[in-house]
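Quick look at protein20.pdb (PDB, C-alpha atoms):
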ATOM      1  CA  MET A 178     -17.701 -20.752  17.234
ATOM      2  CA  VAL A 179     -17.543 -21.395  20.930
ATOM      3  CA  LEU A 180     -18.239 -25.037  21.472
ATOM      4  CA  ASP A 181     -17.604 -25.678  25.129
ATOM      5  CA  ARG A 182     -20.255 -23.998  27.239
ATOM      6  CA  SER A 183     -18.935 -25.268  30.559
ATOM      7  CA  PRO A 184     -19.535 -22.590  33.223
ATOM      8  CA  LYS A 185     -16.432 -23.841  35.044
ATOM      9  CA  LEU A 186     -14.308 -22.986  32.022
ATOM     10  CA  ASP A 187     -16.053 -19.622  31.632
ATOM     11  CA  ARG A 188     -15.041 -18.731  35.169
ATOM     12  CA  VAL A 189     -11.415 -19.617  34.434
ATOM     13  CA  PHE A 190     -11.308 -17.502  31.274
ATOM     14  CA  HIS A 191     -13.118 -14.667  33.038
ATOM     15  CA  ALA A 192     -10.540 -14.817  35.827
ATOM     16  CA  LEU A 193      -7.691 -14.700  33.307
ATOM     17  CA  ALA A 194      -9.196 -11.771  31.443
ATOM     18  CA  HIS A 195      -7.905  -9.125  33.876
ATOM     19  CA  PRO A 196      -4.257  -7.999  34.017
ATOM     20  CA  ALA A 197      -4.269  -7.707  37.820
ATOM     21  CA  ARG A 198      -5.472 -11.273  38.188
ATOM     22  CA  ARG A 199      -2.860 -12.526  35.734
ATOM     23  CA  ALA A 200      -0.253 -10.680  37.783
ATOM     24  CA  ILE A 201      -1.530 -12.405  40.934
ATOM     25  CA  ILE A 202      -1.267 -15.778  39.209
ATOM     26  CA  ARG A 203       2.295 -15.008  38.177
ATOM     27  CA  GLN A 204       3.188 -14.032  41.738
ATOM     28  CA  LEU A 205       1.631 -17.195  43.106
ATOM     29  CA  SER A 206       3.482 -19.360  40.624
ATOM     30  CA  GLY A 207       6.533 -18.468  42.726
ATOM     31  CA  GLY A 208       4.917 -19.865  45.864
ATOM     32  CA  GLU A 209       2.406 -18.944  48.590
ATOM     33  CA  ARG A 210       1.756 -15.278  49.314
ATOM     34  CA  ASN A 211      -0.480 -13.511  51.785
ATOM     35  CA  LEU A 212      -2.961 -10.883  50.667
ATOM     36  CA  SER A 213      -0.820  -7.846  51.481
ATOM     37  CA  GLU A 214       2.159  -9.355  49.668
ATOM     38  CA  LEU A 215      -0.107  -9.750  46.636
ATOM     39  CA  ALA A 216      -1.554  -6.241  46.900
ATOM     40  CA  SER A 217       1.617  -4.162  47.306
ATOM     41  CA  PRO A 218       3.475  -4.839  44.014
ATOM     42  CA  LEU A 219       0.201  -4.165  42.180
ATOM     43  CA  ARG A 220      -0.153  -0.821  43.980
ATOM     44  CA  MET A 221      -3.564  -1.960  44.922
ATOM     45  CA  THR A 222      -5.624  -1.450  48.029
ATOM     46  CA  PHE A 223      -6.238  -4.432  50.247
ATOM     47  CA  PRO A 224      -9.986  -4.589  49.392
ATOM     48  CA  ALA A 225      -9.238  -4.388  45.654
ATOM     49  CA  ALA A 226      -6.753  -7.257  45.907
ATOM     50  CA  THR A 227      -9.273  -9.238  47.953
ATOM     51  CA  LYS A 228     -11.867  -8.742  45.231
ATOM     52  CA  HIS A 229      -9.544 -10.139  42.561
ATOM     53  CA  VAL A 230      -8.540 -13.060  44.763
ATOM     54  CA  ARG A 231     -12.241 -13.896  45.210
ATOM     55  CA  VAL A 232     -12.700 -14.060  41.429
ATOM     56  CA  LEU A 233      -9.679 -16.373  41.226
ATOM     57  CA  GLU A 234     -11.109 -18.480  44.060
ATOM     58  CA  ARG A 235     -14.437 -18.859  42.276
ATOM     59  CA  ALA A 236     -12.516 -20.130  39.255
ATOM     60  CA  MET A 237     -10.719 -22.573  41.595
ATOM     61  CA  LEU A 238      -7.407 -21.074  40.521
ATOM     62  CA  VAL A 239      -6.529 -19.900  44.008
ATOM     63  CA  ARG A 240      -7.021 -21.528  47.405
ATOM     64  CA  ARG A 241      -6.966 -19.380  50.513
ATOM     65  CA  ARG A 242      -6.361 -20.457  54.099
ATOM     66  CA  ILE A 243      -6.333 -18.335  57.220
ATOM     67  CA  VAL A 244      -3.274 -18.586  59.439
ATOM     68  CA  GLY A 245      -3.707 -16.464  62.529
ATOM     69  CA  ARG A 246      -4.621 -13.055  61.141
ATOM     70  CA  GLU A 247      -3.190 -13.693  57.694
ATOM     71  CA  HIS A 248      -4.882 -14.915  54.556
ATOM     72  CA  VAL A 249      -2.407 -17.135  52.718
ATOM     73  CA  CYS A 250      -3.068 -17.748  49.015
ATOM     74  CA  ARG A 251      -1.867 -20.670  46.986
ATOM     75  CA  LEU A 252      -2.119 -21.316  43.264
ATOM     76  CA  SER A 253      -4.161 -24.297  42.135
ATOM     77  CA  ALA A 254      -3.151 -24.676  38.516
ATOM     78  CA  GLU A 255      -5.366 -27.617  37.539
ATOM     79  CA  PRO A 256      -8.212 -25.511  36.022
ATOM     80  CA  LEU A 257      -5.676 -23.857  33.739
ATOM     81  CA  LYS A 258      -5.063 -27.196  32.120
ATOM     82  CA  ASP A 259      -8.707 -27.286  30.979
ATOM     83  CA  ALA A 260      -8.408 -23.735  29.663
ATOM     84  CA  MET A 261      -5.280 -24.647  27.713
ATOM     85  CA  LEU A 262      -6.989 -27.737  26.318
ATOM     86  CA  TRP A 263      -9.906 -25.584  25.182
ATOM     87  CA  THR A 264      -7.534 -23.184  23.454
ATOM     88  CA  GLU A 265      -5.760 -26.103  21.788
ATOM     89  CA  GLU A 266      -9.099 -27.522  20.604
ATOM     90  CA  PHE A 267     -10.183 -24.164  19.189
ATOM     91  CA  HIS A 268      -6.898 -23.983  17.303
ATOM     92  CA  GLN A 269      -7.154 -27.564  16.029
ATOM     93  CA  HIS A 270     -10.757 -27.109  14.954
ATOM     94  CA  TRP A 271      -9.832 -24.182  12.716
ATOM     95  CA  GLU A 272      -6.636 -25.860  11.552
ATOM     96  CA  ALA A 273      -8.669 -28.844  10.344
ATOM     97  CA  ARG A 274     -11.041 -26.527   8.491
ATOM     98  CA  PHE A 275      -8.242 -24.631   6.803
ATOM     99  CA  ASP A 276      -6.430 -27.839   5.829
ATOM    100  CA  ALA A 277      -9.662 -28.976   4.134
ATOM    101  CA  LEU A 278      -9.843 -25.580   2.439
ATOM    102  CA  ASP A 279      -6.274 -26.091   1.121
ATOM    103  CA  THR A 280      -7.334 -29.369  -0.488
ATOM    104  CA  LEU A 281     -10.449 -27.809  -1.988
ATOM    105  CA  LEU A 282      -8.487 -24.849  -3.397
ATOM    106  CA  ASP A 283      -5.971 -27.219  -5.036
ATOM    107  CA  GLU A 284      -8.877 -28.977  -6.754
ATOM    108  CA  MET A 285     -10.398 -25.683  -7.869
ATOM    109  CA  LYS A 286      -7.054 -24.583  -9.310
ATOM    110  CA  SER A 287      -6.486 -27.756 -11.304
ATOM    111  CA  GLU A 288     -10.043 -27.619 -12.637
ATOM    112  CA  GLU A 289      -9.307 -24.156 -13.964
ATOM    113  CA  VAL A 290      -6.144 -25.348 -15.718
ATOM    114  CA  ARG A 291      -7.878 -28.343 -17.265
ATOM    115  CA  PRO A 292     -11.498 -27.325 -17.893
ATOM    116  CA  ARG A 293     -13.813 -30.278 -18.228
ATOM    117  CA  ARG A 294     -14.859 -31.106 -21.784
ATOM    118  CA  ARG A 295     -18.566 -31.135 -22.552
TER     119      ARG A 295
ATOM    120  CA  MET B 279       4.049 -25.507  19.047
ATOM    121  CA  HIS B 280       1.858 -25.138  15.946
ATOM    122  CA  HIS B 281       3.296 -25.991  12.593
ATOM    123  CA  SER B 282       0.660 -24.709  10.209
ATOM    124  CA  GLY B 283       0.407 -21.080   9.198
ATOM    125  CA  LEU B 284      -2.629 -20.422  11.380
ATOM    126  CA  GLN B 285      -2.103 -17.422  13.660
ATOM    127  CA  LEU B 286      -4.429 -16.634  16.549
ATOM    128  CA  SER B 287      -4.478 -13.387  18.441
ATOM    129  CA  THR B 288      -6.852 -11.407  20.645
ATOM    130  CA  PRO B 289      -6.293  -7.684  20.055
ATOM    131  CA  SER B 290      -9.141  -6.608  22.325
ATOM    132  CA  ASP B 291     -11.214  -7.987  25.159
ATOM    133  CA  SER B 292     -13.874  -9.508  22.947
ATOM    134  CA  THR B 293     -12.051 -10.201  19.698
ATOM    135  CA  ILE B 294     -10.316 -13.253  18.268
ATOM    136  CA  VAL B 295      -8.349 -12.860  15.024
ATOM    137  CA  LEU B 296      -7.449 -15.869  12.884
ATOM    138  CA  THR B 297      -4.968 -15.360  10.038
ATOM    139  CA  ARG B 298      -4.026 -17.987   7.484
ATOM    140  CA  THR B 299      -2.452 -17.918   4.002
ATOM    141  CA  PHE B 300      -3.615 -20.054   1.081
ATOM    142  CA  ASN B 301      -1.717 -20.950  -2.035
ATOM    143  CA  ALA B 302      -4.468 -19.715  -4.368
ATOM    144  CA  PRO B 303      -5.699 -16.439  -5.857
ATOM    145  CA  ARG B 304      -8.141 -14.379  -3.835
ATOM    146  CA  ARG B 305     -10.923 -14.979  -6.345
ATOM    147  CA  LEU B 306     -10.875 -18.725  -5.571
ATOM    148  CA  VAL B 307     -10.508 -18.278  -1.811
ATOM    149  CA  TRP B 308     -13.559 -15.993  -1.821
ATOM    150  CA  GLU B 309     -15.538 -18.499  -3.860
ATOM    151  CA  ALA B 310     -14.558 -21.399  -1.598
ATOM    152  CA  THR B 311     -15.406 -19.397   1.531
ATOM    153  CA  PHE B 312     -18.897 -18.261   0.556
ATOM    154  CA  THR B 313     -20.312 -20.813  -1.938
ATOM    155  CA  PRO B 314     -22.518 -23.388  -0.173
ATOM    156  CA  ASP B 315     -21.381 -26.510  -2.069
ATOM    157  CA  LYS B 316     -17.762 -25.485  -1.400
ATOM    158  CA  MET B 317     -18.448 -24.565   2.237
ATOM    159  CA  ARG B 318     -19.781 -28.060   2.854
ATOM    160  CA  ARG B 319     -16.327 -29.359   1.936
ATOM    161  CA  TRP B 320     -14.252 -27.379   4.411
ATOM    162  CA  MET B 321     -16.555 -26.329   7.263
ATOM    163  CA  GLU B 322     -15.638 -29.291   9.422
ATOM    164  CA  PRO B 323     -18.402 -29.704  11.973
ATOM    165  CA  PRO B 324     -17.710 -30.052  15.679
ATOM    166  CA  PRO B 325     -17.353 -33.721  16.747
ATOM    167  CA  GLY B 326     -20.645 -35.630  16.683
ATOM    168  CA  LEU B 327     -22.412 -33.159  14.404
ATOM    169  CA  THR B 328     -23.269 -33.487  10.710
ATOM    170  CA  MET B 329     -24.064 -30.523   8.485
ATOM    171  CA  THR B 330     -27.546 -30.724   6.951
ATOM    172  CA  VAL B 331     -28.244 -27.210   5.651
ATOM    173  CA  CYS B 332     -25.824 -24.695   4.186
ATOM    174  CA  GLU B 333     -27.051 -21.490   2.568
ATOM    175  CA  CYS B 334     -24.984 -18.402   1.924
ATOM    176  CA  ASP B 335     -25.785 -15.232  -0.003
ATOM    177  CA  PRO B 336     -22.814 -12.859   0.300
ATOM    178  CA  ARG B 337     -24.586  -9.608  -0.556
ATOM    179  CA  VAL B 338     -25.580  -6.843   1.863
ATOM    180  CA  GLY B 339     -28.765  -8.105   3.528
ATOM    181  CA  GLY B 340     -28.104 -11.651   2.279
ATOM    182  CA  ALA B 341     -28.518 -14.554   4.697
ATOM    183  CA  LEU B 342     -26.161 -17.188   6.035
ATOM    184  CA  THR B 343     -27.829 -20.313   7.405
ATOM    185  CA  VAL B 344     -26.042 -23.456   8.516
ATOM    186  CA  GLN B 345     -27.697 -26.319  10.351
ATOM    187  CA  TRP B 346     -26.284 -29.442  11.987
ATOM    188  CA  LYS B 347     -27.808 -32.642  13.304
ATOM    189  CA  THR B 348     -26.703 -35.333  15.724
ATOM    190  CA  ASP B 349     -27.873 -38.948  16.021
ATOM    191  CA  GLU B 350     -30.396 -37.759  18.612
ATOM    192  CA  ALA B 351     -31.562 -34.400  17.281
ATOM    193  CA  ASP B 352     -32.242 -32.824  13.882
ATOM    194  CA  PRO B 353     -31.638 -29.934  13.923
ATOM    195  CA  ALA B 354     -29.216 -29.961  16.837
ATOM    196  CA  MET B 355     -27.860 -26.466  16.224
ATOM    197  CA  THR B 356     -28.526 -23.643  13.757
ATOM    198  CA  LEU B 357     -26.329 -20.737  12.750
ATOM    199  CA  HIS B 358     -28.210 -17.676  11.544
ATOM    200  CA  GLY B 359     -26.405 -14.756  10.002
ATOM    201  CA  VAL B 360     -26.914 -11.683   7.829
ATOM    202  CA  PHE B 361     -24.276  -9.966   5.685
ATOM    203  CA  THR B 362     -23.936  -6.300   6.642
ATOM    204  CA  GLU B 363     -20.950  -5.245   4.490
ATOM    205  CA  VAL B 364     -19.658  -6.799   1.281
ATOM    206  CA  VAL B 365     -16.813  -5.745  -1.003
ATOM    207  CA  GLU B 366     -16.601  -8.642  -3.418
ATOM    208  CA  ARG B 367     -13.363 -10.672  -3.041
ATOM    209  CA  GLU B 368     -12.007  -8.211  -0.481
ATOM    210  CA  ARG B 369     -14.096  -7.970   2.612
ATOM    211  CA  ALA B 370     -17.315  -9.316   4.067
ATOM    212  CA  VAL B 371     -18.933  -8.718   7.432
ATOM    213  CA  HIS B 372     -21.764 -10.857   8.744
ATOM    214  CA  THR B 373     -23.519 -11.466  12.014
ATOM    215  CA  GLU B 374     -23.614 -14.959  13.473
ATOM    216  CA  THR B 375     -26.058 -16.295  16.056
ATOM    217  CA  MET B 376     -25.985 -19.900  17.253
ATOM    218  CA  VAL B 377     -29.381 -21.211  18.274
ATOM    219  CA  LEU B 378     -30.377 -24.480  19.945
ATOM    220  CA  PRO B 379     -33.665 -26.235  19.014
ATOM    221  CA  THR B 380     -35.105 -24.944  22.294
ATOM    222  CA  GLY B 381     -34.689 -21.420  20.908
ATOM    223  CA  GLU B 382     -31.872 -20.657  23.323
ATOM    224  CA  THR B 383     -29.111 -18.504  21.842
ATOM    225  CA  ILE B 384     -25.715 -19.897  22.797
ATOM    226  CA  GLY B 385     -23.410 -17.515  20.995
ATOM    227  CA  LYS B 386     -23.568 -14.216  19.193
ATOM    228  CA  LEU B 387     -20.773 -12.573  17.250
ATOM    229  CA  VAL B 388     -19.824 -10.497  14.233
ATOM    230  CA  GLU B 389     -17.401 -12.105  11.809
ATOM    231  CA  THR B 390     -15.292 -10.103   9.353
ATOM    232  CA  HIS B 391     -13.437 -11.813   6.512
ATOM    233  CA  GLU B 392     -10.637  -9.909   4.784
ATOM    234  CA  PHE B 393      -8.738 -11.193   1.767
ATOM    235  CA  ALA B 394      -5.400  -9.845   0.522
ATOM    236  CA  GLU B 395      -3.539 -11.323  -2.441
ATOM    237  CA  LYS B 396       0.119 -11.203  -3.381
ATOM    238  CA  ASP B 397       1.770 -13.368  -6.072
ATOM    239  CA  ASN B 398      -1.187 -15.762  -6.174
ATOM    240  CA  VAL B 399      -1.026 -16.278  -2.410
ATOM    241  CA  THR B 400      -4.042 -15.106  -0.436
ATOM    242  CA  THR B 401      -4.036 -14.095   3.192
ATOM    243  CA  MET B 402      -7.406 -14.493   4.842
ATOM    244  CA  ARG B 403      -8.047 -12.744   8.107
ATOM    245  CA  ILE B 404     -11.121 -13.649  10.130
ATOM    246  CA  THR B 405     -12.003 -11.303  12.982
ATOM    247  CA  GLN B 406     -14.589 -12.609  15.432
ATOM    248  CA  THR B 407     -16.040  -9.946  17.682
ATOM    249  CA  TYR B 408     -18.155 -11.348  20.468
ATOM    250  CA  ASP B 409     -21.190  -9.543  21.780
ATOM    251  CA  ALA B 410     -20.091  -7.474  24.777
ATOM    252  CA  LYS B 411     -23.282  -8.511  26.546
ATOM    253  CA  GLU B 412     -22.219 -12.108  26.252
ATOM    254  CA  ALA B 413     -19.588 -11.867  28.938
ATOM    255  CA  ARG B 414     -18.748 -15.548  28.655
ATOM    256  CA  ASP B 415     -17.528 -15.399  25.082
ATOM    257  CA  GLY B 416     -15.813 -12.079  25.608
ATOM    258  CA  ALA B 417     -13.977 -13.481  28.578
ATOM    259  CA  ILE B 418     -12.899 -16.478  26.567
ATOM    260  CA  ALA B 419     -11.654 -14.238  23.796
ATOM    261  CA  SER B 420      -9.466 -12.148  26.051
ATOM    262  CA  GLY B 421      -8.373 -14.792  28.512
ATOM    263  CA  MET B 422      -7.389 -17.129  25.737
ATOM    264  CA  ASP B 423      -4.473 -15.201  24.410
ATOM    265  CA  GLU B 424      -3.038 -12.992  27.121
ATOM    266  CA  GLY B 425      -3.802 -15.307  29.970
ATOM    267  CA  MET B 426      -2.359 -18.276  28.176
ATOM    268  CA  GLU B 427       0.735 -16.503  26.951
ATOM    269  CA  ALA B 428       1.465 -14.934  30.309
ATOM    270  CA  CYS B 429       1.175 -18.149  32.221
ATOM    271  CA  TYR B 430       1.875 -20.953  29.838
ATOM    272  CA  GLU B 431       5.489 -21.919  30.432
ATOM    273  CA  ARG B 432       5.690 -21.565  34.162
ATOM    274  CA  LEU B 433       2.304 -23.088  34.771
ATOM    275  CA  GLU B 434       2.866 -26.012  32.510
ATOM    276  CA  ALA B 435       5.793 -26.940  34.711
ATOM    277  CA  LEU B 436       3.644 -26.496  37.800
ATOM    278  CA  ILE B 437       0.842 -28.647  36.473
ATOM    279  CA  THR B 438       3.264 -31.404  35.561
ATOM    280  CA  ASP B 439       4.784 -31.272  39.029
ATOM    281  CA  ARG B 440       1.548 -31.259  40.960
ATOM    282  CA  ALA B 441      -0.728 -33.394  38.826
TER     283      ALA B 441
END
Structure rendered as structure tokens:
Amino acid sequence: MVLDRSPKLDRVFHALAHPARRAIIRQLSGGERNLSELASPLRMTFPAATKHVRVLERAMLVRRRIVGREHVCRLSAEPLKDAMLWTEEFHQHWEARFDALDTLLDEMKSEEVRPRRR
Amino acid sequence: MHHSGLQLSTPSDSTIVLTRTFNAPRRLVWEATFTPDKMRRWMEPPPGLTMTVCECDPRVGGALTVQWKTDEADPAMTLHGVFTEVVERERAVHTETMVLPTGETIGKLVETHEFAEKDNVTTMRITQTYDAKEARDGAIASGMDEGMEACYERLEALITDRA
């Protein structure tokens, strides 16, 4: 059950759902990079890298500034915190359900051992 | 990080798998999972919601209906589902559509339950496959696991530094 319908969060998860974009995030976690520095280790054309960076920008995960002729990208990790919180909440929601199921199963087992008298 | 036995994974772009073991025979886990008066006990609602309707008929073609209310709206949300595959105590597949009172569908998925028993311990595996057309849920399913795992440690440090 997906509970949080925030479009902002959807954009973050969408951005994370591609291996090239995760690779870009990993590169940027080491510091600022320009677009060609991001494209070359991914063996990606400049326009393809630009496309992925745009998706990351829309998710507010990457900020880009233009210095002379270069586009310098920087990681903005704040939206990831929301994504992690969502993941944690999903986990906790199901954990709570399964803990309740544990309790219920214990009751069902002891009722079987000691059937109620009529 | 998590201490309970709940395992989460996302084997494909639109799939979330939850695995958990229970200290009970499969027969009881099946009964607890699909019997309405038992489901009411463990299907913890999302915060702010109260369950009002719970119907479940685990046979092929049988329906699953769960409804919740809030202080402001009754119903606030309805889950509609139909069982498409059932092997009693082993495996059940049902559809699941979440609908708001306005008629708007906010989530659509197929849920598969699988039960395996060994020495009176049952492993339940729930596979949620999100509708490919619902890009939002699919994206969540895939980004959740890989994205998180790939980035978690390094980024946690970054967030702490820059927050």
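Distances to chain B were evaluated for A:Leu278, A:Val290, A:Cys250, A:Val239 using all atoms listed in the file, and the minimum falls at A:Leu278.
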Taking the file above as input, evaluate the ChimeraX specification (/B :<9) & /A and report the hits as a ChimeraX atom specification. /A:178-180,182,184,186-196,199-200,202-203,206,253-255,257-258,260-261,263-264,268,270-283,285-286
May I ask for the distance between atom CA of Glu265 of chain A and atom CA of Leu238 of chain A, given in Å to one decimal place?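 Answer for the atom CA of Glu265 of chain A to atom CA of Leu238 of chain A separation: 19.5 Å.
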What is the distance between atom CA of Thr356 of chain B and atom CA of Cys334 of chain B, in Å to one decimal? 13.4 Å
Using Å and a single decimal, report how far atom CA of Val344 of chain B sits from atom CA of Gly359 of chain B.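 Going from atom CA of Gly359 of chain B over to atom CA of Val344 of chain B, I get 8.8 Å.
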Find the spatial neighbours of Gly340 of chain B, counting all atoms listed in the file, within a cut-off of 10 Å - ignore same-chain residues fewer than 6 positions away - and output them as a PyMOL selection string. chain B and resi 333-334+359-364+372
Mind listing as JSON, numbers by chain all residues within 7 Å of (-13.2, -9.4, -3.1), counting all atoms listed in the file? {"B": [305, 308, 365, 366, 367, 368, 369, 393]}
Go ahead and save the picked residues with C-alpha atoms, as a short mmCIF file (atom, residue, chain, number, x, y, z; two decimals), in the coordinates of the input.
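Just written: out.cif:
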data_model
loop_
_atom_site.label_atom_id
_atom_site.label_comp_id
_atom_site.auth_asym_id
_atom_site.auth_seq_id
_atom_site.Cartn_x
_atom_site.Cartn_y
_atom_site.Cartn_z
CA ARG B 305 -10.92 -14.98 -6.34
CA TRP B 308 -13.56 -15.99 -1.82
CA VAL B 365 -16.81 -5.74 -1.00
CA GLU B 366 -16.60 -8.64 -3.42
CA ARG B 367 -13.36 -10.67 -3.04
CA GLU B 368 -12.01 -8.21 -0.48
CA ARG B 369 -14.10 -7.97 2.61
CA PHE B 393 -8.74 -11.19 1.77
#
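Taking all atoms listed in the file, the non-local environment of Glu395 of chain B within 9 Å (same-chain residues fewer than 3 positions away omitted) comprises Ala302, Pro303, Arg304, Asn398, Val399, Thr400, Thr401 and Met402 of chain B.
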Min atom-atom distance to Pro336 of chain B from the set B:Pro353, B:Val371, B:Pro289, B:Val388, counting all atoms listed in the file, belongs to B:Val371
Find the spatial neighbours of Phe223 of chain A, counting only C-alpha atoms, within a cut-off of 8 Å - ignore same-chain residues fewer than 3 positions away - and output them as a VMD selection string. chain A and resid 212 to 213 216 226 to 227
Check which residues satisfy the PyMOL selection byres ((chain A and resi 211) around 8) in the file shown, then give them as a count of residues only. 10
Quick one: axis-aligned box around all listed atoms of segment 354-370 of chain B, 8 Å on every side, centre and edge lengths in Å to one decimal, written as JSON.
{"center_x": -20.6, "center_y": -17.6, "center_z": 6.7, "size_x": 33.2, "size_y": 40.7, "size_z": 36.3}
